[in-house]
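Take a look at the structure set out below.
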Amino acid sequence: MKERNLKQIDGKWYVDFTSRGKRIRQFAGYTKAQARNTLAKLRIERLDERLGFRKSGQGERVLFEKFADDFLEEYCKQNKRSWQRDEFSLNRLKEFFKGETLQSLGPEKIERYKAKRKAEVSPATVNRELACLKTMFSKAVEWGRTEKNPAAKVKKFRENPGRERILSPEEAQRLIECAGPGIRPVLIVALNTGMRRGEILSLKWADVDFEKSFIRISDSKSGRSRKVPMNASVYETLKALPRTSAEYVFFNTETKAHIKDIRAAFLGACRRAEIKGVRLHDLRHTAASKMIEAGADLVTVSKVLGHASIQMTMRYAHPTPENMRLAVGRLGEILDLTRQEVDIPPEVVIGLKPATHLEIAN
């Protein structure tokens with residue numbers, strides 16, 4: 001065995017040799033002895049392949065960073081709107097697993113990655129990266145690049161409940177009044193429809209139906225199209241907007257494209273309104289919460305928001321003491337009406353004792 005086929009880089013050993021005109025370079029271990037064993041194993045596998053004992057491609061070692069790039073281009077960018085988030089996760093993963101192969105990774109190495117990243121970022125961020133890794137290995141198995149998914153049984157960290165800030169009606173009104181003219185219509189639409197930031201900023205005039213008073217959203221995060229009704233505030237706000245673009249509702253005349261970033265303007269409005277701890281996405285939370293408080297059922301609110309499942313909408317159903325009192329009060333009104341339908345005198349209904357209820361029911 002030739003020592004020149006072994007190389008040490010940054011404390012790790014790699015093999016580098018050529019078999020049937022194909023150059024093989026990959027991580028081989030943390031010691032020279034491990035590297036020698038890996039090289040011998042790889043040479044035996046190539047020999048088996050030449051002799052017909054192994055199908056071509058079976059057992060082929062695939063560099064982690066090479067497949068990560070393929071995964072990003074062939075799957076993430078083709079199927080996910082949020083592929084930039086996957087790209088960020090993959091860059092962190094490639095840094096840690098550089099030189100490794102898909103076959104050399106096991107649950108223990110992935111646990112080491114978890115521990116390292118937990119010391120640097122939040123558990124939620126680590127979980128997003130683990131989710132990306134799990135999907136990447138699932139595709140690797142599906143595409144025949146490896147035989148198993150070592151991340152399949154690696155558990156994610158427990159996350160703290162997400163922070164949700166619901167604006168009061170007074171805060172919402174103050175925020176709109178303190179917003180600049182360029183961002184004020186965006187905030188009005190967000191608070192009155194619960195639409196996502198991207199859905200609002202990329203809104204086109206062709207998708208605004210003033211005759212039937214609804215907004216059509218065809219390119220949503222969930223992948224499902226939906227129609228969002230316009231109330232009077234949204235209708236009047238959009239109707240009054242100047243059409244600086246024949247295509248986009250919120251248009252930047254300087255860049256000649258739709259507005260893409262309003263963070264600075266939003267923070268300025270919050271500062272002038274003296275409202276702290278609010279993100280633009282919290283306006284969507286506020287709209288959802290207020291619709292439910294107004295008596296809208298969860299299924300309807302879920303459809304308006306474009307949620308993939310009703311479980312996502314249930315986060316906004318807050319059983320406050322006041323809401324529970326209203327619910328029980330409404331129940332009493334319904335029961336009173338029921339008793340009146342069977343001709344129970346009002347004077348009997350008022351002030352009935354529990355025992356008397358049972359006697360009447362019988």
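In the structure tokens, chains take the letters A, B, ... in the order shown, each chain's residues start at 1, and ligands count up from 1 in the order shown.
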Item to check | Selection near A:Arg85, 12 Å with only C-alpha atoms, sequence-local residues under 2 positions removed, as a ChimeraX atom specification | outcome: /A:72,76-77,80-83,87-92,125,128-129,131-132
Item to check | Residues within 12 Å of A:Glu211, only C-alpha atoms, excluding chain neighbours under 4 positions, as a VMD selection string | outcome: chain A and resid 207 215 229 to 230 235 239
Next on the checklist: Going by DSSP on the backbone, which residues of stretch 183-251 of chain A come out as strand (DSSP E)? List them as a list of chain:residue names.
Outcome noted: A:Val208, A:Asp209, A:Phe214, A:Ile215, A:Arg216, A:Ile217, A:Arg226, A:Lys227, A:Val228, A:Pro229, A:Phe251
Deliver the residues from the most recent selection as a file, using N, CA and C atoms, as a PDB file, in the first residue's frame.
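Once everything was written out, this is out31.pdb:
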```
ATOM      1  N   VAL A 208     -56.704  41.724  -7.264  1.00  0.00           N
ATOM      2  CA  VAL A 208     -57.618  42.490  -6.403  1.00  0.00           C
ATOM      3  C   VAL A 208     -58.940  42.664  -7.139  1.00  0.00           C
ATOM      4  N   ASP A 209     -59.981  42.034  -6.645  1.00  0.00           N
ATOM      5  CA  ASP A 209     -61.299  42.095  -7.275  1.00  0.00           C
ATOM      6  C   ASP A 209     -62.172  43.067  -6.484  1.00  0.00           C
ATOM      7  N   PHE A 214     -62.708  40.850  -2.890  1.00  0.00           N
ATOM      8  CA  PHE A 214     -61.790  39.852  -2.349  1.00  0.00           C
ATOM      9  C   PHE A 214     -60.427  39.970  -3.024  1.00  0.00           C
ATOM     10  N   ILE A 215     -59.424  39.410  -2.365  1.00  0.00           N
ATOM     11  CA  ILE A 215     -58.057  39.363  -2.882  1.00  0.00           C
ATOM     12  C   ILE A 215     -57.726  37.910  -3.185  1.00  0.00           C
ATOM     13  N   ARG A 216     -57.217  37.660  -4.357  1.00  0.00           N
ATOM     14  CA  ARG A 216     -56.841  36.304  -4.745  1.00  0.00           C
ATOM     15  C   ARG A 216     -55.351  36.097  -4.481  1.00  0.00           C
ATOM     16  N   ILE A 217     -55.025  35.050  -3.744  1.00  0.00           N
ATOM     17  CA  ILE A 217     -53.624  34.709  -3.470  1.00  0.00           C
ATOM     18  C   ILE A 217     -53.348  33.346  -4.093  1.00  0.00           C
ATOM     19  N   ARG A 226     -56.010  30.824  -2.465  1.00  0.00           N
ATOM     20  CA  ARG A 226     -57.161  31.127  -1.621  1.00  0.00           C
ATOM     21  C   ARG A 226     -57.663  32.535  -1.933  1.00  0.00           C
ATOM     22  N   LYS A 227     -58.868  32.820  -1.486  1.00  0.00           N
ATOM     23  CA  LYS A 227     -59.442  34.141  -1.637  1.00  0.00           C
ATOM     24  C   LYS A 227     -59.645  34.758  -0.259  1.00  0.00           C
ATOM     25  N   VAL A 228     -59.168  35.973  -0.085  1.00  0.00           N
ATOM     26  CA  VAL A 228     -59.299  36.677   1.188  1.00  0.00           C
ATOM     27  C   VAL A 228     -60.289  37.826   1.012  1.00  0.00           C
ATOM     28  N   PRO A 229     -61.401  37.816   1.737  1.00  0.00           N
ATOM     29  CA  PRO A 229     -62.380  38.906   1.611  1.00  0.00           C
ATOM     30  C   PRO A 229     -61.790  40.239   2.066  1.00  0.00           C
ATOM     31  N   PHE A 251     -45.475  49.370  -5.199  1.00  0.00           N
ATOM     32  CA  PHE A 251     -44.415  49.475  -6.202  1.00  0.00           C
ATOM     33  C   PHE A 251     -43.377  50.509  -5.797  1.00  0.00           C
TER      34      PHE A 251
END
```
Checklist entry - Can you list, as a list in words, every protein, DNA or RNA residue that comes within 9 Å of A:Arg279 when you count only C-alpha atoms, leaving out same-chain residues fewer than 5 positions away? => result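 Those residues are Arg165, Arg263, Phe266 and Leu267 of chain A.
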Checklist entry - If you run DSSP on the backbone, which residues of stretch 236-340 of chain A are helix (DSSP H, G or I), as number ranges by chain? => result A: 236-240, 263-273, 282-293, 298-305, 310-316, 321-340
Please, could you write that set of residues out with C-alpha atoms as a short mmCIF file (atom, residue, chain, number, x, y, z; two decimals), in the first residue's frame?
```cif
data_model
loop_
_atom_site.label_atom_id
_atom_site.label_comp_id
_atom_site.auth_asym_id
_atom_site.auth_seq_id
_atom_site.Cartn_x
_atom_site.Cartn_y
_atom_site.Cartn_z
CA GLU A 236 -61.07 51.86 0.67
CA THR A 237 -57.31 51.77 1.28
CA LEU A 238 -56.51 49.85 -1.91
CA LYS A 239 -59.03 51.77 -3.96
CA ALA A 240 -57.37 55.06 -2.99
CA ARG A 263 -38.38 46.62 8.04
CA ALA A 264 -36.82 50.05 8.64
CA ALA A 265 -40.09 51.87 7.96
CA PHE A 266 -41.98 49.48 10.25
CA LEU A 267 -39.50 49.91 13.11
CA GLY A 268 -39.78 53.69 12.69
CA ALA A 269 -43.57 53.50 12.96
CA CYS A 270 -43.29 51.36 16.12
CA ARG A 271 -40.85 53.80 17.65
CA ARG A 272 -43.09 56.81 16.98
CA ALA A 273 -46.12 54.91 18.28
CA ASP A 282 -47.22 39.91 14.78
CA LEU A 283 -49.79 41.84 12.75
CA ARG A 284 -50.83 38.50 11.24
CA HIS A 285 -51.07 37.05 14.75
CA THR A 286 -53.17 40.03 15.80
CA ALA A 287 -55.57 39.64 12.88
CA ALA A 288 -56.04 35.93 13.61
CA SER A 289 -56.61 36.49 17.32
CA LYS A 290 -59.11 39.30 16.79
CA MET A 291 -61.10 37.30 14.21
CA ILE A 292 -61.50 34.49 16.73
CA GLU A 293 -62.40 36.94 19.51
CA LEU A 298 -61.37 28.14 13.58
CA VAL A 299 -62.08 26.55 10.20
CA THR A 300 -63.00 29.92 8.69
CA VAL A 301 -59.99 31.69 10.20
CA SER A 302 -57.73 28.89 8.97
CA LYS A 303 -59.03 29.39 5.42
CA VAL A 304 -58.53 33.15 5.57
CA LEU A 305 -54.95 32.80 6.84
CA ILE A 310 -56.26 23.81 11.62
CA GLN A 311 -53.74 22.96 14.36
CA MET A 312 -51.73 26.00 13.27
CA THR A 313 -54.78 28.21 13.74
CA MET A 314 -55.52 26.85 17.20
CA ARG A 315 -52.54 28.81 18.57
CA TYR A 316 -54.67 31.94 18.35
CA PRO A 321 -61.53 34.32 31.55
CA GLU A 322 -63.54 36.95 29.72
CA ASN A 323 -63.95 34.74 26.64
CA MET A 324 -65.06 31.84 28.82
CA ARG A 325 -67.62 34.04 30.60
CA LEU A 326 -69.00 35.16 27.23
CA ALA A 327 -69.19 31.54 26.03
CA VAL A 328 -71.10 30.41 29.12
CA GLY A 329 -73.32 33.47 28.91
CA ARG A 330 -74.15 32.66 25.31
CA LEU A 331 -74.89 29.07 26.32
CA GLY A 332 -77.36 30.38 28.89
CA GLU A 333 -79.10 32.46 26.21
CA ILE A 334 -79.49 29.40 23.99
CA LEU A 335 -80.87 27.28 26.84
CA ASP A 336 -83.29 30.03 27.80
CA LEU A 337 -84.61 30.12 24.25
CA THR A 338 -84.99 26.34 24.28
CA ARG A 339 -87.07 26.42 27.45
CA GLN A 340 -89.24 29.18 26.04
#
```
Next on the checklist: Set the distance at 10 Å and use only C-alpha atoms: which residues neighbour A:Arg224 once local chain neighbours fewer than 6 positions away are removed? I'd like the list as a list in words.
Outcome noted: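 Here the qualifying residues turn out to be Ile217, Ser218, Gly306, His307 and Ala308 of chain A.
If only C-alpha atoms are the atoms counted, then among A:Ala257, A:Val141, A:Leu280, A:Ile176 the closest residue to A:Arg196 is A:Leu280.
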Next on the checklist: List as a PyMOL selection string the protein and nucleic acid residues near A:Ile262, meaning an atom at most 10 Å away when only C-alpha atoms are counted, but skip any in the same chain fewer than 6 places from it.
Outcome noted: chain A and resi 182-183+186+197+201+268+280
Go ahead and dump the residues you just picked, N, CA and C atoms, as an mmCIF file, in the first residue's frame.
```cif
data_model
loop_
_atom_site.group_PDB
_atom_site.id
_atom_site.type_symbol
_atom_site.label_atom_id
_atom_site.label_comp_id
_atom_site.auth_asym_id
_atom_site.auth_seq_id
_atom_site.Cartn_x
_atom_site.Cartn_y
_atom_site.Cartn_z
ATOM 1 N N GLY A 182 -45.994 55.599 2.920
ATOM 2 C CA GLY A 182 -45.593 54.475 2.092
ATOM 3 C C GLY A 182 -45.907 53.122 2.701
ATOM 4 N N ILE A 183 -45.872 53.053 4.023
ATOM 5 C CA ILE A 183 -46.080 51.769 4.701
ATOM 6 C C ILE A 183 -47.477 51.639 5.305
ATOM 7 N N VAL A 186 -49.855 49.093 3.780
ATOM 8 C CA VAL A 186 -49.402 47.720 4.031
ATOM 9 C C VAL A 186 -49.857 47.260 5.406
ATOM 10 N N ARG A 197 -46.432 38.836 4.990
ATOM 11 C CA ARG A 197 -45.683 39.978 4.448
ATOM 12 C C ARG A 197 -45.432 39.825 2.950
ATOM 13 N N LEU A 201 -46.724 42.349 -0.112
ATOM 14 C CA LEU A 201 -45.772 43.132 -0.902
ATOM 15 C C LEU A 201 -45.740 42.714 -2.373
ATOM 16 N N GLY A 268 -39.584 52.252 12.451
ATOM 17 C CA GLY A 268 -39.781 53.686 12.685
ATOM 18 C C GLY A 268 -41.197 53.978 13.156
ATOM 19 N N LEU A 280 -43.266 42.572 12.384
ATOM 20 C CA LEU A 280 -44.269 42.726 11.341
ATOM 21 C C LEU A 280 -45.182 41.508 11.290
#
```
Next on the checklist: Just to confirm, what's the straight-line distance from atom CA of A:Asp297 to atom CA of A:Ala317 in Å (one decimal)?
Outcome noted: 9.6 Å
Next on the checklist: One decimal, in Å: what's the spacing between atom CA of A:Tyr113 and atom CA of A:Ala33?
Outcome noted: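 Those two atoms sit 24.6 Å apart.
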Item to check | For atom CA of A:Lys134 and atom CA of A:Asp219, the interatomic separation in Å (one decimal) | outcome: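 Atom-to-atom, atom CA of A:Lys134 to atom CA of A:Asp219, that is 26.6 Å.
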Checklist entry - Of the residues A:Ala35, A:Ile275, A:Leu6, A:Ala206, which is the one nearest to A:Arg174, using only C-alpha atoms? => result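 Of the candidates, the smallest distance to A:Arg174 is held by A:Ile275.
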